[in-house]
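Remarks on the structure that follows.
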Amino acid sequence: MKNILITGGAGFIGSNLTVELLNRGYYVTILDNLSSQIHSENEFNFSHKNFKFIQGDVRVISDWKAAIKDQDAIIHYASETGTGQSMYEINRYTNVNVVGTSNLFHCLSNYKHKVRKIILASSRAVYGEGKYFSNEEGEIYPCSRNYKLVSKGKYDHYGKNGCLLELRPTDEKSMIQPSSVYAITKSTQEQIIMLMGKALSIPTVALRYQNVYGPKQSLRNPYTGILSVFSTRILNGNNIHIYEDGLQSRDFVFISDVVAATILSLENQESNYHIFNVGSGNPTSVNDIALKLTNELGIKNKIKITGQYRIGDIRHNYACLNKIKKVLDFEPKYDVDLGIKKFVSWLKTQKVQKDNYLKSIGELKQNGFIK
């Protein structure tokens, strides 16, 4: 497979992956609509003899038809990605994420093509609250948190006996229970590609990325990407606002590890028709991320714990990597300290973007999704 189509390839993960694939001798085509929420005007300007750019939209079937011509594999990144924003921009999120993916398989079912593999960028969001354990109840997959308890500062999950549940790494066999519209669309994408891949005998892979960060992350998008949102706040002289008590945790995975895992899944036939977690395999609290970021930037006293709760947010989640290690021999190389150092090193070379965070929060409040 030499000809690779990356939808949404002008974005954060896609642009990093493009560079690595070109370095490895692949021919790369990007299909991207250059959404103004992510890209500034004339921001994407990339040139290489083995590279082609198509400005188009996955919601338009004719754009898909043009893009898949002569492609051997498709890496499908084109997606709306803000958890909170998805709760009130439902039509846009379902159209881009679900209809856009449906359009791909409409083309593959009805028109001639050479596609021999499809990789989907899915998300840890499909798990919802993830996996927990108690001695009395065994493995537990909690539902979304009760706002009455959250409003009293009880942010964690508790068992029937009132004891705090023990967080466990979430493996690929864990219960799927999306807690946001964004998460529902990612779960639906997975179902579509796995079903249609088998029906059309096109090997498919879904990669459940954890919280990806690193160079080339959009610094102008206030709806997703904790590190980019925090960075833009700091560089504009504003405080970082942290929801709840700041102890909620995520699996933060550096972009280079994500690119490596994606290429392994592309090149290794053992990945066919599988779903894999892609992460660091370690949880880090939001509070710790903010402290590490401000320390690396040399800026203090910018962290504000708000105690607010955003509907659709989960408390904890981190990936079990046993499957991807066993099948693809993937091993993450970057811990969060090294990753943040590299992110900040890149950040210092970038133009400071306008801080639109308060605008995004205003939208959430207006629509009743911040308590």
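By convention here, the chains of the structure tokens are called A, B, ... in the order presented, each chain's residues are numbered starting at 1, and ligands are numbered starting at 1 in the order presented.
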Closest atom pairs, range 68-177 of chain A residues within 10 Å of range 205-229 of chain A, only C-alpha atoms, as a Markdown table:
```
| residue | atom | partner | partner_atom | distance |
| --- | --- | --- | --- | --- |
| A:Ile75 | CA | A:Val205 | CA | 9.4 |
| A:His76 | CA | A:Ala206 | CA | 9.6 |
| A:Glu80 | CA | A:Thr224 | CA | 9.7 |
| A:Thr81 | CA | A:Thr224 | CA | 6.7 |
| A:Gly82 | CA | A:Thr224 | CA | 5.0 |
| A:Thr83 | CA | A:Thr224 | CA | 7.2 |
| A:Gly84 | CA | A:Tyr223 | CA | 7.1 |
| A:Gln85 | CA | A:Tyr223 | CA | 6.5 |
| A:Ser86 | CA | A:Tyr223 | CA | 9.4 |
| A:Lys117 | CA | A:Val205 | CA | 8.1 |
| A:Ile118 | CA | A:Val205 | CA | 6.4 |
| A:Ile119 | CA | A:Val205 | CA | 4.7 |
| A:Leu120 | CA | A:Ala206 | CA | 4.7 |
| A:Ala121 | CA | A:Leu207 | CA | 5.3 |
| A:Ser122 | CA | A:Arg208 | CA | 4.5 |
| A:Ser123 | CA | A:Arg208 | CA | 4.2 |
| A:Arg124 | CA | A:Arg208 | CA | 5.2 |
| A:Ala125 | CA | A:Gln210 | CA | 8.1 |
| A:Val126 | CA | A:Arg208 | CA | 8.3 |
| A:Tyr127 | CA | A:Arg208 | CA | 9.7 |
| A:Glu172 | CA | A:Arg208 | CA | 8.8 |
```
Would you export the selected residues with N, CA, C and O atoms as a short mmCIF file (atom, residue, chain, number, x, y, z; two decimals), in the first residue's frame, please?
```cif
data_model
loop_
_atom_site.label_atom_id
_atom_site.label_comp_id
_atom_site.auth_asym_id
_atom_site.auth_seq_id
_atom_site.Cartn_x
_atom_site.Cartn_y
_atom_site.Cartn_z
N ILE A 75 -7.21 6.69 5.95
CA ILE A 75 -7.14 6.95 7.39
C ILE A 75 -8.13 8.08 7.67
O ILE A 75 -7.94 9.21 7.21
N HIS A 76 -9.19 7.76 8.36
CA HIS A 76 -10.35 8.65 8.48
C HIS A 76 -10.29 9.44 9.79
O HIS A 76 -10.66 8.96 10.86
N GLU A 80 -15.78 16.25 13.92
CA GLU A 80 -15.93 17.29 14.92
C GLU A 80 -15.63 16.65 16.27
O GLU A 80 -16.05 15.53 16.55
N THR A 81 -14.88 17.36 17.14
CA THR A 81 -14.30 16.67 18.30
C THR A 81 -14.57 17.29 19.67
O THR A 81 -14.00 16.81 20.66
N GLY A 82 -15.35 18.31 19.81
CA GLY A 82 -15.55 18.92 21.13
C GLY A 82 -16.65 18.23 21.92
O GLY A 82 -17.82 18.25 21.51
N THR A 83 -16.31 17.64 23.05
CA THR A 83 -17.30 16.93 23.86
C THR A 83 -18.45 17.85 24.29
O THR A 83 -19.62 17.54 24.07
N GLY A 84 -18.10 18.98 24.90
CA GLY A 84 -19.13 19.90 25.36
C GLY A 84 -19.92 20.50 24.22
O GLY A 84 -21.16 20.58 24.27
N GLN A 85 -19.23 20.95 23.18
CA GLN A 85 -19.90 21.58 22.04
C GLN A 85 -20.88 20.62 21.36
O GLN A 85 -21.92 21.04 20.84
N SER A 86 -20.56 19.33 21.38
CA SER A 86 -21.43 18.36 20.71
C SER A 86 -22.82 18.30 21.33
O SER A 86 -23.78 17.89 20.67
N LYS A 117 -7.64 -1.01 2.77
CA LYS A 117 -7.62 -0.91 4.23
C LYS A 117 -8.19 0.44 4.66
O LYS A 117 -7.97 1.45 3.98
N ILE A 118 -8.89 0.43 5.79
CA ILE A 118 -9.45 1.67 6.35
C ILE A 118 -9.14 1.70 7.84
O ILE A 118 -9.37 0.72 8.55
N ILE A 119 -8.62 2.84 8.29
CA ILE A 119 -8.34 3.04 9.71
C ILE A 119 -9.18 4.23 10.19
O ILE A 119 -9.15 5.31 9.59
N LEU A 120 -9.91 4.02 11.26
CA LEU A 120 -10.74 5.07 11.85
C LEU A 120 -10.10 5.61 13.11
O LEU A 120 -9.67 4.85 13.98
N ALA A 121 -10.06 6.93 13.22
CA ALA A 121 -9.68 7.57 14.48
C ALA A 121 -10.92 7.62 15.37
O ALA A 121 -11.79 8.45 15.20
N SER A 122 -10.98 6.68 16.30
CA SER A 122 -12.07 6.68 17.27
C SER A 122 -11.58 7.36 18.55
O SER A 122 -10.56 8.05 18.54
N SER A 123 -12.26 7.13 19.65
CA SER A 123 -11.96 7.89 20.86
C SER A 123 -12.23 7.07 22.12
O SER A 123 -13.15 6.24 22.14
N ARG A 124 -11.47 7.36 23.17
CA ARG A 124 -11.73 6.76 24.47
C ARG A 124 -13.11 7.19 24.99
O ARG A 124 -13.67 6.57 25.91
N ALA A 125 -13.71 8.22 24.37
CA ALA A 125 -15.01 8.72 24.83
C ALA A 125 -16.11 7.67 24.73
O ALA A 125 -17.11 7.75 25.45
N VAL A 126 -15.93 6.66 23.87
CA VAL A 126 -16.97 5.64 23.71
C VAL A 126 -17.21 4.86 25.00
O VAL A 126 -18.29 4.31 25.21
N TYR A 127 -16.20 4.81 25.89
CA TYR A 127 -16.34 4.05 27.13
C TYR A 127 -17.16 4.77 28.19
O TYR A 127 -17.55 4.16 29.18
N GLU A 172 -10.42 -3.04 25.70
CA GLU A 172 -11.30 -2.96 24.53
C GLU A 172 -12.60 -3.76 24.69
O GLU A 172 -13.56 -3.53 23.95
#
```
Quick one: DSSP strand (DSSP E) residues in range 130-227 of chain A, as a list of chain:residue names?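 DSSP-assigned strand (DSSP E) residues in range 130-227 of chain A: A:Lys131, A:Tyr132, A:Phe133, A:Ser134, A:Gly138, A:Glu139, A:Ile140, A:Glu166, A:Leu167, A:Arg168, A:Thr204, A:Val205, A:Ala206, A:Leu207, A:Arg208, A:Tyr209, A:Asn211, A:Val212, A:Tyr213.
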In Å, rounded to a single decimal, give me how far CA of Leu264 in chain A is from CA of Ile38 in chain A.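 Result for CA of Ile38 in chain A versus CA of Leu264 in chain A: 27.3 Å, one decimal.
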DSSP helix (DSSP H, G or I) residues within range 110-282 of chain A, listed as a PyMOL selection string: chain A and resi 110+124-127+147-150+181-200+226-235+255-267+269-271
Residue contacts of Ser134 in chain A (9 Å, only C-alpha atoms) excluding same-chain residues fewer than 3 positions away, as a list in words: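 The contact residues come out as Glu137, Gly138, Glu139, Ile140, Gly159, Cys163, Leu164, Leu165 and Glu166 of chain A.
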Could those residues be written to a file, using all heavy atoms, as a PDB file, in the first residue's frame?
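Ended up saving to result_32.pdb:
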```
ATOM      1  N   GLU A 137     -18.820  -5.906  44.624  1.00  0.00           N
ATOM      2  CA  GLU A 137     -19.566  -5.970  43.363  1.00  0.00           C
ATOM      3  C   GLU A 137     -18.731  -6.417  42.165  1.00  0.00           C
ATOM      4  O   GLU A 137     -19.273  -6.646  41.083  1.00  0.00           O
ATOM      5  CB  GLU A 137     -20.173  -4.592  43.066  1.00  0.00           C
ATOM      6  CG  GLU A 137     -21.116  -4.097  44.142  1.00  0.00           C
ATOM      7  CD  GLU A 137     -21.532  -2.651  43.908  1.00  0.00           C
ATOM      8  OE1 GLU A 137     -22.293  -2.411  42.953  1.00  0.00           O
ATOM      9  OE2 GLU A 137     -21.083  -1.777  44.674  1.00  0.00           O
ATOM     10  N   GLY A 138     -17.403  -6.538  42.340  1.00  0.00           N
ATOM     11  CA  GLY A 138     -16.557  -6.925  41.221  1.00  0.00           C
ATOM     12  C   GLY A 138     -16.358  -5.776  40.251  1.00  0.00           C
ATOM     13  O   GLY A 138     -16.307  -4.611  40.652  1.00  0.00           O
ATOM     14  N   GLU A 139     -16.242  -6.085  38.937  1.00  0.00           N
ATOM     15  CA  GLU A 139     -16.089  -5.036  37.923  1.00  0.00           C
ATOM     16  C   GLU A 139     -17.383  -4.247  37.779  1.00  0.00           C
ATOM     17  O   GLU A 139     -18.472  -4.817  37.724  1.00  0.00           O
ATOM     18  CB  GLU A 139     -15.705  -5.641  36.569  1.00  0.00           C
ATOM     19  CG  GLU A 139     -14.284  -6.155  36.516  1.00  0.00           C
ATOM     20  CD  GLU A 139     -13.895  -6.619  35.118  1.00  0.00           C
ATOM     21  OE1 GLU A 139     -14.753  -6.599  34.205  1.00  0.00           O
ATOM     22  OE2 GLU A 139     -12.724  -7.017  34.943  1.00  0.00           O
ATOM     23  N   ILE A 140     -17.245  -2.924  37.713  1.00  0.00           N
ATOM     24  CA  ILE A 140     -18.403  -2.033  37.626  1.00  0.00           C
ATOM     25  C   ILE A 140     -18.142  -1.005  36.526  1.00  0.00           C
ATOM     26  O   ILE A 140     -17.033  -0.479  36.391  1.00  0.00           O
ATOM     27  CB  ILE A 140     -18.649  -1.292  38.957  1.00  0.00           C
ATOM     28  CG1 ILE A 140     -18.918  -2.298  40.082  1.00  0.00           C
ATOM     29  CG2 ILE A 140     -19.828  -0.324  38.835  1.00  0.00           C
ATOM     30  CD1 ILE A 140     -19.048  -1.654  41.446  1.00  0.00           C
ATOM     31  N   GLY A 159     -19.705   2.760  45.391  1.00  0.00           N
ATOM     32  CA  GLY A 159     -20.451   1.517  45.292  1.00  0.00           C
ATOM     33  C   GLY A 159     -21.732   1.559  46.104  1.00  0.00           C
ATOM     34  O   GLY A 159     -22.047   2.558  46.763  1.00  0.00           O
ATOM     35  N   CYS A 163     -18.804   3.015  49.534  1.00  0.00           N
ATOM     36  CA  CYS A 163     -17.348   3.101  49.466  1.00  0.00           C
ATOM     37  C   CYS A 163     -16.888   3.570  48.088  1.00  0.00           C
ATOM     38  O   CYS A 163     -17.531   3.287  47.072  1.00  0.00           O
ATOM     39  CB  CYS A 163     -16.721   1.748  49.774  1.00  0.00           C
ATOM     40  SG  CYS A 163     -16.938   1.229  51.480  1.00  0.00           S
ATOM     41  N   LEU A 164     -15.766   4.271  48.082  1.00  0.00           N
ATOM     42  CA  LEU A 164     -15.196   4.759  46.836  1.00  0.00           C
ATOM     43  C   LEU A 164     -14.788   3.591  45.955  1.00  0.00           C
ATOM     44  O   LEU A 164     -14.133   2.654  46.414  1.00  0.00           O
ATOM     45  CB  LEU A 164     -13.977   5.626  47.145  1.00  0.00           C
ATOM     46  CG  LEU A 164     -13.309   6.367  45.981  1.00  0.00           C
ATOM     47  CD1 LEU A 164     -14.218   7.468  45.445  1.00  0.00           C
ATOM     48  CD2 LEU A 164     -11.968   6.957  46.438  1.00  0.00           C
ATOM     49  N   LEU A 165     -15.174   3.630  44.678  1.00  0.00           N
ATOM     50  CA  LEU A 165     -14.810   2.570  43.749  1.00  0.00           C
ATOM     51  C   LEU A 165     -13.360   2.723  43.314  1.00  0.00           C
ATOM     52  O   LEU A 165     -12.830   3.834  43.224  1.00  0.00           O
ATOM     53  CB  LEU A 165     -15.716   2.602  42.515  1.00  0.00           C
ATOM     54  CG  LEU A 165     -17.198   2.298  42.748  1.00  0.00           C
ATOM     55  CD1 LEU A 165     -17.960   2.400  41.429  1.00  0.00           C
ATOM     56  CD2 LEU A 165     -17.385   0.911  43.366  1.00  0.00           C
ATOM     57  N   GLU A 166     -12.716   1.612  43.011  1.00  0.00           N
ATOM     58  CA  GLU A 166     -11.311   1.591  42.587  1.00  0.00           C
ATOM     59  C   GLU A 166     -11.230   1.679  41.062  1.00  0.00           C
ATOM     60  O   GLU A 166     -11.807   0.854  40.355  1.00  0.00           O
ATOM     61  CB  GLU A 166     -10.652   0.308  43.067  1.00  0.00           C
ATOM     62  CG  GLU A 166      -9.202   0.166  42.660  1.00  0.00           C
ATOM     63  CD  GLU A 166      -8.619  -1.183  43.055  1.00  0.00           C
ATOM     64  OE1 GLU A 166      -9.190  -1.826  43.966  1.00  0.00           O
ATOM     65  OE2 GLU A 166      -7.599  -1.591  42.450  1.00  0.00           O
TER      66      GLU A 166
END
```
Range 237-272 of chain A near range 352-355 of chain A within 12 Å: what's each residue's closest atom pair and its distance in Å to one decimal, counting only C-alpha atoms, ordered by chain then ascending residue number, as JSON lines?
```
{"residue": "A:Gly237", "atom": "CA", "partner": "A:Asp355", "partner_atom": "CA", "distance": 9.7}
{"residue": "A:Asn238", "atom": "CA", "partner": "A:Asp355", "partner_atom": "CA", "distance": 8.7}
{"residue": "A:Asn239", "atom": "CA", "partner": "A:Asp355", "partner_atom": "CA", "distance": 11.1}
{"residue": "A:Ile240", "atom": "CA", "partner": "A:Asp355", "partner_atom": "CA", "distance": 11.4}
```
Quick one: residues within 12 Å of Ile255 in chain A, only C-alpha atoms counted, chain neighbours fewer than 4 positions away excluded, as a PDB file with N, CA and C atoms, in the first residue's frame?
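Output file around_1.pdb is given in full below:
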```
ATOM      1  N   PHE A  12      -4.487  18.348  13.512  1.00  0.00           N
ATOM      2  CA  PHE A  12      -3.387  18.050  14.431  1.00  0.00           C
ATOM      3  C   PHE A  12      -2.753  16.683  14.172  1.00  0.00           C
ATOM      4  N   ILE A  13      -3.518  15.623  14.346  1.00  0.00           N
ATOM      5  CA  ILE A  13      -2.947  14.281  14.213  1.00  0.00           C
ATOM      6  C   ILE A  13      -2.614  13.994  12.758  1.00  0.00           C
ATOM      7  N   GLY A  14      -3.517  14.362  11.853  1.00  0.00           N
ATOM      8  CA  GLY A  14      -3.311  14.078  10.444  1.00  0.00           C
ATOM      9  C   GLY A  14      -2.075  14.724   9.860  1.00  0.00           C
ATOM     10  N   SER A  15      -1.784  15.955  10.258  1.00  0.00           N
ATOM     11  CA  SER A  15      -0.615  16.647   9.703  1.00  0.00           C
ATOM     12  C   SER A  15       0.688  16.021  10.210  1.00  0.00           C
ATOM     13  N   ASN A  16       0.698  15.596  11.473  1.00  0.00           N
ATOM     14  CA  ASN A  16       1.870  14.894  11.991  1.00  0.00           C
ATOM     15  C   ASN A  16       2.061  13.544  11.306  1.00  0.00           C
ATOM     16  N   LEU A  17       0.962  12.842  11.102  1.00  0.00           N
ATOM     17  CA  LEU A  17       1.030  11.542  10.430  1.00  0.00           C
ATOM     18  C   LEU A  17       1.487  11.700   8.983  1.00  0.00           C
ATOM     19  N   GLU A  20       5.274  11.937   8.633  1.00  0.00           N
ATOM     20  CA  GLU A  20       5.950  10.655   8.860  1.00  0.00           C
ATOM     21  C   GLU A  20       5.740   9.693   7.690  1.00  0.00           C
ATOM     22  N   TYR A 209      -8.180   6.536  20.398  1.00  0.00           N
ATOM     23  CA  TYR A 209      -7.174   7.444  20.932  1.00  0.00           C
ATOM     24  C   TYR A 209      -7.615   7.980  22.285  1.00  0.00           C
ATOM     25  N   GLN A 210      -6.651   8.099  23.180  1.00  0.00           N
ATOM     26  CA  GLN A 210      -6.883   8.770  24.452  1.00  0.00           C
ATOM     27  C   GLN A 210      -6.704  10.281  24.231  1.00  0.00           C
ATOM     28  N   ASN A 211      -6.323  11.045  25.236  1.00  0.00           N
ATOM     29  CA  ASN A 211      -6.195  12.498  25.090  1.00  0.00           C
ATOM     30  C   ASN A 211      -4.855  12.832  24.430  1.00  0.00           C
ATOM     31  N   VAL A 212      -4.898  13.098  23.130  1.00  0.00           N
ATOM     32  CA  VAL A 212      -3.682  13.317  22.351  1.00  0.00           C
ATOM     33  C   VAL A 212      -3.243  14.779  22.481  1.00  0.00           C
ATOM     34  N   TYR A 213      -1.931  14.995  22.612  1.00  0.00           N
ATOM     35  CA  TYR A 213      -1.400  16.353  22.692  1.00  0.00           C
ATOM     36  C   TYR A 213      -0.034  16.383  22.028  1.00  0.00           C
ATOM     37  N   GLY A 214       0.439  17.607  21.712  1.00  0.00           N
ATOM     38  CA  GLY A 214       1.773  17.749  21.146  1.00  0.00           C
ATOM     39  C   GLY A 214       1.837  18.839  20.094  1.00  0.00           C
ATOM     40  N   PRO A 215       2.999  18.985  19.443  1.00  0.00           N
ATOM     41  CA  PRO A 215       3.180  20.001  18.404  1.00  0.00           C
ATOM     42  C   PRO A 215       2.133  19.888  17.289  1.00  0.00           C
ATOM     43  N   LYS A 216       1.750  21.041  16.765  1.00  0.00           N
ATOM     44  CA  LYS A 216       0.759  21.217  15.692  1.00  0.00           C
ATOM     45  C   LYS A 216      -0.683  21.129  16.179  1.00  0.00           C
ATOM     46  N   GLN A 217      -0.861  20.988  17.495  1.00  0.00           N
ATOM     47  CA  GLN A 217      -2.216  21.018  18.037  1.00  0.00           C
ATOM     48  C   GLN A 217      -2.795  22.414  17.853  1.00  0.00           C
ATOM     49  N   VAL A 259       1.129   8.594  16.288  1.00  0.00           N
ATOM     50  CA  VAL A 259       1.546   8.382  14.896  1.00  0.00           C
ATOM     51  C   VAL A 259       2.167   6.992  14.741  1.00  0.00           C
ATOM     52  N   ALA A 260       3.014   6.602  15.686  1.00  0.00           N
ATOM     53  CA  ALA A 260       3.660   5.292  15.618  1.00  0.00           C
ATOM     54  C   ALA A 260       2.638   4.164  15.661  1.00  0.00           C
ATOM     55  N   ALA A 261       1.648   4.271  16.557  1.00  0.00           N
ATOM     56  CA  ALA A 261       0.621   3.240  16.662  1.00  0.00           C
ATOM     57  C   ALA A 261      -0.227   3.165  15.393  1.00  0.00           C
ATOM     58  N   THR A 262      -0.493   4.312  14.799  1.00  0.00           N
ATOM     59  CA  THR A 262      -1.309   4.354  13.582  1.00  0.00           C
ATOM     60  C   THR A 262      -0.579   3.692  12.419  1.00  0.00           C
ATOM     61  N   VAL A 278      -5.231   3.352  22.117  1.00  0.00           N
ATOM     62  CA  VAL A 278      -3.939   3.997  21.896  1.00  0.00           C
ATOM     63  C   VAL A 278      -3.778   5.073  22.960  1.00  0.00           C
ATOM     64  N   GLY A 279      -2.858   4.850  23.878  1.00  0.00           N
ATOM     65  CA  GLY A 279      -2.654   5.813  24.954  1.00  0.00           C
ATOM     66  C   GLY A 279      -1.289   5.631  25.582  1.00  0.00           C
ATOM     67  N   SER A 280      -1.107   6.248  26.735  1.00  0.00           N
ATOM     68  CA  SER A 280       0.138   6.076  27.489  1.00  0.00           C
ATOM     69  C   SER A 280       0.024   4.929  28.473  1.00  0.00           C
ATOM     70  N   PRO A 332       4.441   2.815  24.094  1.00  0.00           N
ATOM     71  CA  PRO A 332       4.605   4.271  24.113  1.00  0.00           C
ATOM     72  C   PRO A 332       5.984   4.666  24.631  1.00  0.00           C
ATOM     73  N   LYS A 333       6.566   5.698  24.026  1.00  0.00           N
ATOM     74  CA  LYS A 333       7.924   6.119  24.364  1.00  0.00           C
ATOM     75  C   LYS A 333       7.978   7.411  25.174  1.00  0.00           C
ATOM     76  N   TYR A 334       6.860   8.118  25.257  1.00  0.00           N
ATOM     77  CA  TYR A 334       6.858   9.430  25.904  1.00  0.00           C
ATOM     78  C   TYR A 334       6.003   9.412  27.159  1.00  0.00           C
ATOM     79  N   ASP A 335       6.623   9.740  28.314  1.00  0.00           N
ATOM     80  CA  ASP A 335       5.810   9.977  29.498  1.00  0.00           C
ATOM     81  C   ASP A 335       5.325  11.426  29.451  1.00  0.00           C
ATOM     82  N   VAL A 336       4.454  11.793  30.362  1.00  0.00           N
ATOM     83  CA  VAL A 336       3.810  13.100  30.283  1.00  0.00           C
ATOM     84  C   VAL A 336       4.811  14.244  30.505  1.00  0.00           C
ATOM     85  N   LEU A 338       8.100  14.372  29.612  1.00  0.00           N
ATOM     86  CA  LEU A 338       8.842  14.585  28.368  1.00  0.00           C
ATOM     87  C   LEU A 338       7.932  15.158  27.289  1.00  0.00           C
ATOM     88  N   GLY A 339       6.707  14.656  27.228  1.00  0.00           N
ATOM     89  CA  GLY A 339       5.772  15.148  26.222  1.00  0.00           C
ATOM     90  C   GLY A 339       5.469  16.629  26.380  1.00  0.00           C
ATOM     91  N   ILE A 340       5.254  17.061  27.620  1.00  0.00           N
ATOM     92  CA  ILE A 340       4.958  18.480  27.858  1.00  0.00           C
ATOM     93  C   ILE A 340       6.172  19.344  27.540  1.00  0.00           C
ATOM     94  N   LYS A 342       8.355  18.817  25.206  1.00  0.00           N
ATOM     95  CA  LYS A 342       8.390  18.944  23.749  1.00  0.00           C
ATOM     96  C   LYS A 342       7.258  19.831  23.248  1.00  0.00           C
ATOM     97  N   PHE A 343       6.094  19.715  23.864  1.00  0.00           N
ATOM     98  CA  PHE A 343       4.955  20.563  23.486  1.00  0.00           C
ATOM     99  C   PHE A 343       5.275  22.034  23.736  1.00  0.00           C
TER     100      PHE A 343
END
```
If you count only C-alpha atoms, which residues fall within 8 Å of Val115 in chain A, apart from same-chain ones fewer than 4 positions away, as a list in words?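 Result of the neighbour search: Ile68, Asp70, Gln71, Asp72, Ala73, Ile74 and Ile202 of chain A.
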Please measure the separation of CA of Pro203 in chain A and CA of Cys320 in chain A, giving the value in Å to one decimal. 23.5 Å
Nearest to Glu270 in chain A by atom-to-atom distance, counting only C-alpha atoms, from A:Glu190, A:Leu5, A:Lys325, A:Arg233: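 Counting only C-alpha atoms, the residue closest to Glu270 in chain A is A:Lys325.
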